[in-house]
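What's in structure_14.cif: mmCIF, C-alpha atoms and all ligand atoms
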data_upload
#
loop_
_atom_site.label_atom_id
_atom_site.label_comp_id
_atom_site.auth_asym_id
_atom_site.auth_seq_id
_atom_site.Cartn_x
_atom_site.Cartn_y
_atom_site.Cartn_z
CA MET J 8 -21.55 -6.51 4.58
CA VAL J 9 -20.31 -9.02 2.00
CA ALA J 10 -19.43 -12.45 3.40
CA GLU J 11 -16.03 -12.95 1.80
CA PRO J 12 -15.27 -9.86 -0.25
CA ARG J 13 -12.75 -10.11 -3.03
CA VAL J 14 -9.62 -8.07 -2.44
CA LEU J 15 -7.12 -7.84 -5.27
CA SER J 16 -3.44 -7.24 -4.58
CA ILE J 17 -1.20 -6.04 -7.40
CA ALA J 18 2.32 -6.60 -6.10
CA GLY J 19 5.66 -8.35 -6.36
CA SER J 20 6.53 -11.78 -5.01
CA ASP J 21 8.67 -12.26 -1.90
CA PRO J 22 9.27 -16.02 -1.87
CA SER J 23 10.31 -15.96 1.80
CA GLY J 24 6.81 -14.79 2.69
CA GLY J 25 7.98 -11.70 4.54
CA ALA J 26 6.56 -8.99 2.27
CA GLY J 27 4.88 -8.40 -1.06
CA MET J 28 2.21 -10.64 -2.52
CA GLN J 29 2.68 -13.47 -0.04
CA THR J 30 2.09 -11.09 2.85
CA ASP J 31 -0.87 -9.54 1.08
CA ILE J 32 -2.58 -12.87 0.43
CA ARG J 33 -1.94 -14.04 3.99
CA THR J 34 -3.27 -10.79 5.44
CA ILE J 35 -6.39 -10.74 3.30
CA THR J 36 -7.09 -14.39 4.08
CA LEU J 37 -6.55 -13.96 7.81
CA LEU J 38 -8.97 -11.04 7.79
CA GLY J 39 -11.74 -12.91 6.06
CA GLY J 40 -11.31 -11.72 2.49
CA TYR J 41 -11.06 -13.67 -0.73
CA ALA J 42 -7.58 -12.84 -2.03
CA GLN J 43 -6.82 -12.27 -5.68
CA GLY J 44 -3.25 -11.51 -6.79
CA VAL J 45 -1.70 -10.02 -9.91
CA LEU J 46 2.09 -10.29 -9.85
CA THR J 47 4.29 -7.49 -11.15
CA ALA J 48 7.70 -8.94 -10.35
CA LEU J 49 9.52 -11.92 -8.93
CA THR J 50 12.28 -11.42 -6.39
CA ALA J 51 14.83 -13.70 -4.78
CA GLN J 52 14.92 -12.47 -1.20
CA ASN J 53 14.52 -13.08 2.48
CA LYS J 54 14.42 -10.70 5.43
CA ASP J 55 18.13 -9.90 4.98
CA GLY J 56 17.71 -8.49 1.51
CA ILE J 57 16.95 -8.90 -2.18
CA VAL J 58 19.55 -10.78 -4.24
CA ALA J 59 17.82 -10.80 -7.62
CA MET J 60 14.70 -9.53 -9.31
CA GLN J 61 12.77 -10.15 -12.53
CA ILE J 62 10.21 -7.49 -13.34
CA LEU J 63 7.41 -8.84 -15.51
CA PRO J 64 6.51 -7.28 -18.88
CA ALA J 65 3.81 -4.61 -18.49
CA ASP J 66 1.71 -6.29 -21.14
CA PHE J 67 1.67 -9.51 -19.14
CA VAL J 68 0.55 -7.57 -16.06
CA ARG J 69 -2.24 -6.13 -18.21
CA GLN J 70 -3.24 -9.63 -19.34
CA GLN J 71 -3.41 -10.82 -15.74
CA LEU J 72 -5.59 -7.85 -14.82
CA GLU J 73 -7.92 -8.42 -17.74
CA ALA J 74 -8.34 -12.04 -16.75
CA VAL J 75 -9.10 -11.14 -13.14
CA PHE J 76 -11.54 -8.38 -14.04
CA ALA J 77 -13.28 -10.64 -16.54
CA ALA J 78 -13.78 -13.22 -13.79
CA GLU J 79 -15.19 -11.04 -11.04
CA LYS J 80 -14.47 -7.49 -10.00
CA ALA J 81 -12.83 -7.09 -6.61
CA VAL J 82 -14.50 -4.97 -3.98
CA ALA J 83 -11.16 -3.38 -3.12
CA VAL J 84 -7.79 -3.26 -4.87
CA LYS J 85 -4.41 -2.68 -3.25
CA THR J 86 -1.24 -1.86 -5.19
CA GLY J 87 2.25 -2.49 -3.86
CA MET J 88 5.50 -2.98 -5.79
CA LEU J 89 4.94 -1.93 -9.40
CA GLY J 90 8.54 -1.85 -10.67
CA THR J 91 8.36 0.28 -13.80
CA ALA J 92 6.51 3.22 -15.32
CA GLU J 93 5.08 0.86 -17.95
CA ILE J 94 3.51 -1.34 -15.28
CA VAL J 95 2.17 1.69 -13.40
CA SER J 96 0.53 2.87 -16.63
CA ALA J 97 -0.92 -0.54 -17.44
CA VAL J 98 -2.35 -0.86 -13.93
CA ALA J 99 -3.76 2.68 -13.96
CA LYS J 100 -5.41 2.13 -17.35
CA GLN J 101 -7.11 -1.07 -16.21
CA LEU J 102 -8.29 0.36 -12.89
CA LYS J 103 -9.66 3.41 -14.66
CA HIS J 104 -11.35 1.33 -17.34
CA HIS J 105 -13.06 -0.79 -14.69
CA ALA J 106 -13.94 2.25 -12.55
CA GLN J 107 -12.31 0.73 -9.48
CA GLU J 108 -13.43 2.92 -6.59
CA LEU J 109 -11.95 1.34 -3.49
CA LEU J 110 -8.28 1.61 -4.44
CA VAL J 111 -5.53 1.57 -1.83
CA VAL J 112 -2.20 2.70 -3.29
CA ASP J 113 0.83 1.77 -1.22
CA PRO J 114 3.53 3.75 -3.04
CA VAL J 115 6.28 1.17 -2.57
CA MET J 116 9.61 2.55 -3.77
CA VAL J 117 12.45 0.91 -1.87
CA SER J 118 12.60 -2.35 0.12
CA THR J 119 13.31 -2.30 3.84
CA SER J 120 16.79 -3.56 2.95
CA GLY J 121 17.36 -0.71 0.48
CA THR J 122 16.71 -2.14 -3.01
CA ARG J 123 14.75 0.04 -5.42
CA LEU J 124 11.34 -1.48 -6.22
CA LEU J 125 10.04 1.32 -8.47
CA SER J 126 12.12 3.13 -11.09
CA LEU J 127 12.42 6.93 -10.99
CA GLU J 128 10.21 7.16 -14.08
CA GLY J 129 7.83 4.84 -12.26
CA VAL J 130 7.54 7.33 -9.40
CA GLN J 131 6.52 10.00 -11.88
CA ALA J 132 3.99 7.71 -13.55
CA LEU J 133 2.59 6.81 -10.14
CA GLN J 134 2.05 10.49 -9.39
CA GLN J 135 0.58 11.34 -12.75
CA GLU J 136 -1.53 8.26 -13.46
CA LEU J 137 -2.22 6.23 -10.35
CA LEU J 138 -2.58 8.78 -7.53
CA PRO J 139 -5.54 10.51 -9.21
CA LEU J 140 -7.37 7.16 -9.07
CA ALA J 141 -6.55 6.38 -5.44
CA TRP J 142 -9.26 6.29 -2.81
CA VAL J 143 -6.47 6.28 -0.26
CA ILE J 144 -2.68 6.37 -0.44
CA THR J 145 -0.57 4.89 2.37
CA PRO J 146 2.97 6.28 2.16
CA ASN J 147 5.51 5.94 4.94
CA ILE J 148 7.54 9.02 5.76
CA PRO J 149 10.39 8.45 3.25
CA GLU J 150 7.84 7.79 0.47
CA ALA J 151 5.83 10.89 1.35
CA GLU J 152 9.06 12.91 1.28
CA VAL J 153 9.91 11.67 -2.22
CA LEU J 154 6.37 12.30 -3.52
CA THR J 155 6.15 15.82 -2.11
CA GLY J 156 9.78 16.98 -2.06
CA LEU J 157 9.18 18.04 1.54
CA GLN J 158 11.07 17.00 4.64
CA ILE J 159 8.93 15.44 7.36
CA THR J 160 10.33 15.66 10.88
CA SER J 161 7.36 17.06 12.79
CA LEU J 162 3.57 16.93 12.85
CA PRO J 163 3.15 20.31 11.11
CA GLU J 164 5.49 19.15 8.33
CA ALA J 165 3.54 15.89 8.07
CA ARG J 166 0.28 17.79 7.76
CA GLU J 167 1.72 20.01 5.01
CA ALA J 168 2.94 16.96 3.08
CA MET J 169 -0.43 15.23 3.42
CA VAL J 170 -2.26 18.26 2.04
CA LYS J 171 0.16 18.24 -0.89
CA LEU J 172 -0.40 14.52 -1.49
CA ARG J 173 -4.13 15.11 -1.65
CA GLY J 174 -3.42 17.85 -4.14
CA GLN J 175 -1.74 15.20 -6.31
CA GLY J 176 -5.05 13.40 -6.59
CA ALA J 177 -5.42 10.86 -3.78
CA GLN J 178 -8.75 11.36 -2.05
CA LYS J 179 -7.50 10.36 1.40
CA VAL J 180 -4.02 10.01 2.84
CA VAL J 181 -2.72 7.76 5.60
CA LEU J 182 0.85 8.59 6.54
CA THR J 183 2.14 5.45 8.24
CA GLY J 184 4.25 6.08 11.26
CA GLY J 185 6.92 3.42 11.62
CA HIS J 186 9.68 5.92 10.80
CA TRP J 187 9.15 8.61 13.45
CA ALA J 188 12.04 9.03 15.84
CA GLY J 189 10.63 8.32 19.30
CA ASP J 190 8.66 5.82 21.29
CA TYR J 191 5.40 5.93 19.38
CA ALA J 192 4.28 4.76 15.96
CA VAL J 193 1.99 7.58 14.92
CA ASP J 194 -0.21 7.07 11.87
CA ILE J 195 -2.05 10.12 10.57
CA LEU J 196 -5.20 10.12 8.47
CA PHE J 197 -6.19 13.13 6.38
CA ASP J 198 -9.59 12.89 4.75
CA GLY J 199 -9.49 16.32 3.14
CA LYS J 200 -11.01 18.05 6.13
CA GLU J 201 -9.56 16.72 9.34
CA PHE J 202 -6.42 15.09 10.57
CA GLN J 203 -6.84 12.10 12.82
CA ILE J 204 -3.99 10.63 14.80
CA PHE J 205 -3.55 6.95 15.62
CA SER J 206 -0.78 6.49 18.11
CA ALA J 207 0.55 3.34 19.74
CA PRO J 208 3.79 2.47 21.53
CA PHE J 209 6.49 1.63 18.99
CA ILE J 210 7.30 -2.08 18.85
CA ALA J 211 11.02 -2.65 18.37
CA ALA J 212 10.61 -5.92 16.48
CA ALA J 213 13.58 -7.89 15.20
CA ASN J 214 11.82 -8.13 11.87
CA ASN J 215 9.66 -5.33 10.54
CA HIS J 216 10.04 -6.26 6.88
CA GLY J 217 6.62 -6.26 5.25
CA THR J 218 4.76 -4.08 7.73
CA GLY J 219 3.76 -1.61 5.00
CA CYS J 220 2.38 -4.41 2.81
CA ALA J 221 0.45 -5.91 5.72
CA PHE J 222 -0.99 -2.53 6.72
CA ALA J 223 -2.18 -1.58 3.24
CA SER J 224 -3.66 -5.04 2.60
CA ALA J 225 -5.43 -5.03 5.95
CA LEU J 226 -6.78 -1.56 5.19
CA ALA J 227 -8.08 -2.70 1.80
CA CYS J 228 -9.67 -5.73 3.42
CA PHE J 229 -11.45 -3.76 6.16
CA LEU J 230 -12.67 -1.25 3.57
CA ALA J 231 -13.94 -4.14 1.43
CA ARG J 232 -15.79 -5.44 4.47
CA GLY J 233 -17.62 -2.13 4.64
CA GLU J 234 -15.80 -0.34 7.45
CA GLY J 235 -15.41 3.43 7.32
CA LEU J 236 -11.92 4.74 6.69
CA ALA J 237 -11.04 5.79 10.24
CA THR J 238 -12.21 2.47 11.66
CA ALA J 239 -10.39 0.59 8.91
CA VAL J 240 -7.15 2.46 9.72
CA GLU J 241 -7.51 1.65 13.40
CA LEU J 242 -8.25 -2.02 12.74
CA ALA J 243 -5.40 -2.32 10.23
CA LYS J 244 -2.99 -0.72 12.68
CA ASN J 245 -4.07 -3.11 15.42
CA PHE J 246 -3.67 -6.03 13.06
CA VAL J 247 -0.07 -5.07 12.19
CA ARG J 248 0.71 -4.44 15.87
CA GLY J 249 -0.54 -7.92 16.70
CA ARG J 250 1.67 -9.46 14.03
CA LEU J 251 4.70 -7.47 15.21
CA ILE J 252 4.13 -8.50 18.81
CA ALA J 253 3.78 -12.11 17.67
CA GLY J 254 7.13 -11.73 15.90
CA ASP J 255 5.44 -12.52 12.61
CA VAL J 256 4.72 -9.39 10.73
CA SER J 257 3.45 -11.04 7.69
O1 LIG Z 301 7.91 -3.77 1.74
C1 LIG Z 301 7.86 -3.40 0.45
C2 LIG Z 301 7.95 -4.54 -0.51
C3 LIG Z 301 6.92 -4.73 -1.38
N1 LIG Z 301 6.93 -5.69 -2.31
C4 LIG Z 301 7.94 -6.55 -2.42
C5 LIG Z 301 8.99 -6.43 -1.56
C6 LIG Z 301 9.02 -5.40 -0.58
C7 LIG Z 301 10.12 -5.29 0.33
O2 LIG Z 301 11.06 -6.01 0.30
O3 LIG Z 301 10.00 -7.28 -1.69
C8 LIG Z 301 7.91 -7.62 -3.46
#

Please re-express this file's structure in structure tokens.
Amino acid sequence: MVAEPRVLSIAGSDPSGGAGMQTDIRTITLLGGYAQGVLTALTAQNKDGIVAMQILPADFVRQQLEAVFAAEKAVAVKTGMLGTAEIVSAVAKQLKHHAQELLVVDPVMVSTSGTRLLSLEGVQALQQELLPLAWVITPNIPEAEVLTGLQITSLPEAREAMVKLRGQGAQKVVLTGGHWAGDYAVDILFDGKEFQIFSAPFIAAANNHGTGCAFASALACFLARGEGLATAVELAKNFVRGRLIAGDVS
């Protein structure tokens, strides 16, 4: 086990600290990782919503990545908000070039408050270029529905969608469960062979903005620390639960 493994987040800024890069860096740091961060976009937002956004030029994202990779390669990389197809392509090219194996792709598309964080062309680029590189993808139910074109309202439908997501190139799939109707948050892991269910009572928090970012970052961090995937999912889920219970998701 590495003492303080480098974990790189590629994500957008949420200046209020509730989601995005700020959440990622806090999560990685809290969990004993050495956080690196490549920004894709700046937003003006707080938990009530996004009022403005500046997406960075893809070439500048590429330059940031080159600088980071030239310094020291991260053990694990996590992607969040990518904004445009051009940024998705630039990120995919760099990760491929540097043969990044531990890659957690959180296919962020829309903010909790409803603002689009990845263009429609970006969704296509993510499917074509980034998913084939992913060690694990962590969609929530609405994201998995967009990526597969399937409706997910039951466990059998979830399983079908997860098989399809693996078919798009991700090696492993974690369907995060904050959107199920009912009293339980049920996360499902599909490793290509088996489905594993992680269930915990749903926490009706006043603020759940940023839970997806925290989960994917925690997962990347536990993987970087050498945990197996199922253990990493369980630990990441417990971490997010703890933050929700504390009223501080991020
Ligand atoms: O929770 C998804 C997310 C990711 N990244 C940024 C965000 C949000 C949600 O608001 O703002 C920058």

request  = Write as a PyMOL selection string the residues around ligand LIG 301 (chain Z), taking 9 Å as the cut-off and counting all atoms listed in the file.
outcome  = chain J and resi 18-22+25-30+47-54+56-57+87-89+113+115-122+124+216-221

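Put simply, atom CA of Thr160 of chain J is 16.7 Å away from atom CA of Phe209 of chain J.
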
inquiry  = So that I can check the surroundings of Gln178 of chain J, please list as number ranges by chain every protein, DNA and RNA residue that reaches within 7 Å of it, counting only C-alpha atoms and ignoring chain neighbours fewer than 2 positions away.
reply    = J: 141-143, 173, 176, 180

For C-alpha atoms, I'd like the residues from the last selection saved as a PDB file, in the coordinates of the input.
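This is the output file out07.pdb:
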ATOM      1  CA  ALA J 141      -6.550   6.380  -5.440  1.00  0.00           C
ATOM      2  CA  TRP J 142      -9.260   6.290  -2.810  1.00  0.00           C
ATOM      3  CA  VAL J 143      -6.470   6.280  -0.260  1.00  0.00           C
ATOM      4  CA  ARG J 173      -4.130  15.110  -1.650  1.00  0.00           C
ATOM      5  CA  GLY J 176      -5.050  13.400  -6.590  1.00  0.00           C
ATOM      6  CA  VAL J 180      -4.020  10.010   2.840  1.00  0.00           C
TER       7      VAL J 180
END

message = Considering all atoms listed in the file, can you say which of J:Arg13, J:Lys85, J:Arg69, J:Arg232 comes closest to Asp31 of chain J?
response = J:Lys85

ask   = Could you state the separation of atom CA of Ala168 of chain J and atom CA of Ala227 of chain J in Å, given to one decimal place?
value =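 Distance reported for this atom pair: 22.6 Å.
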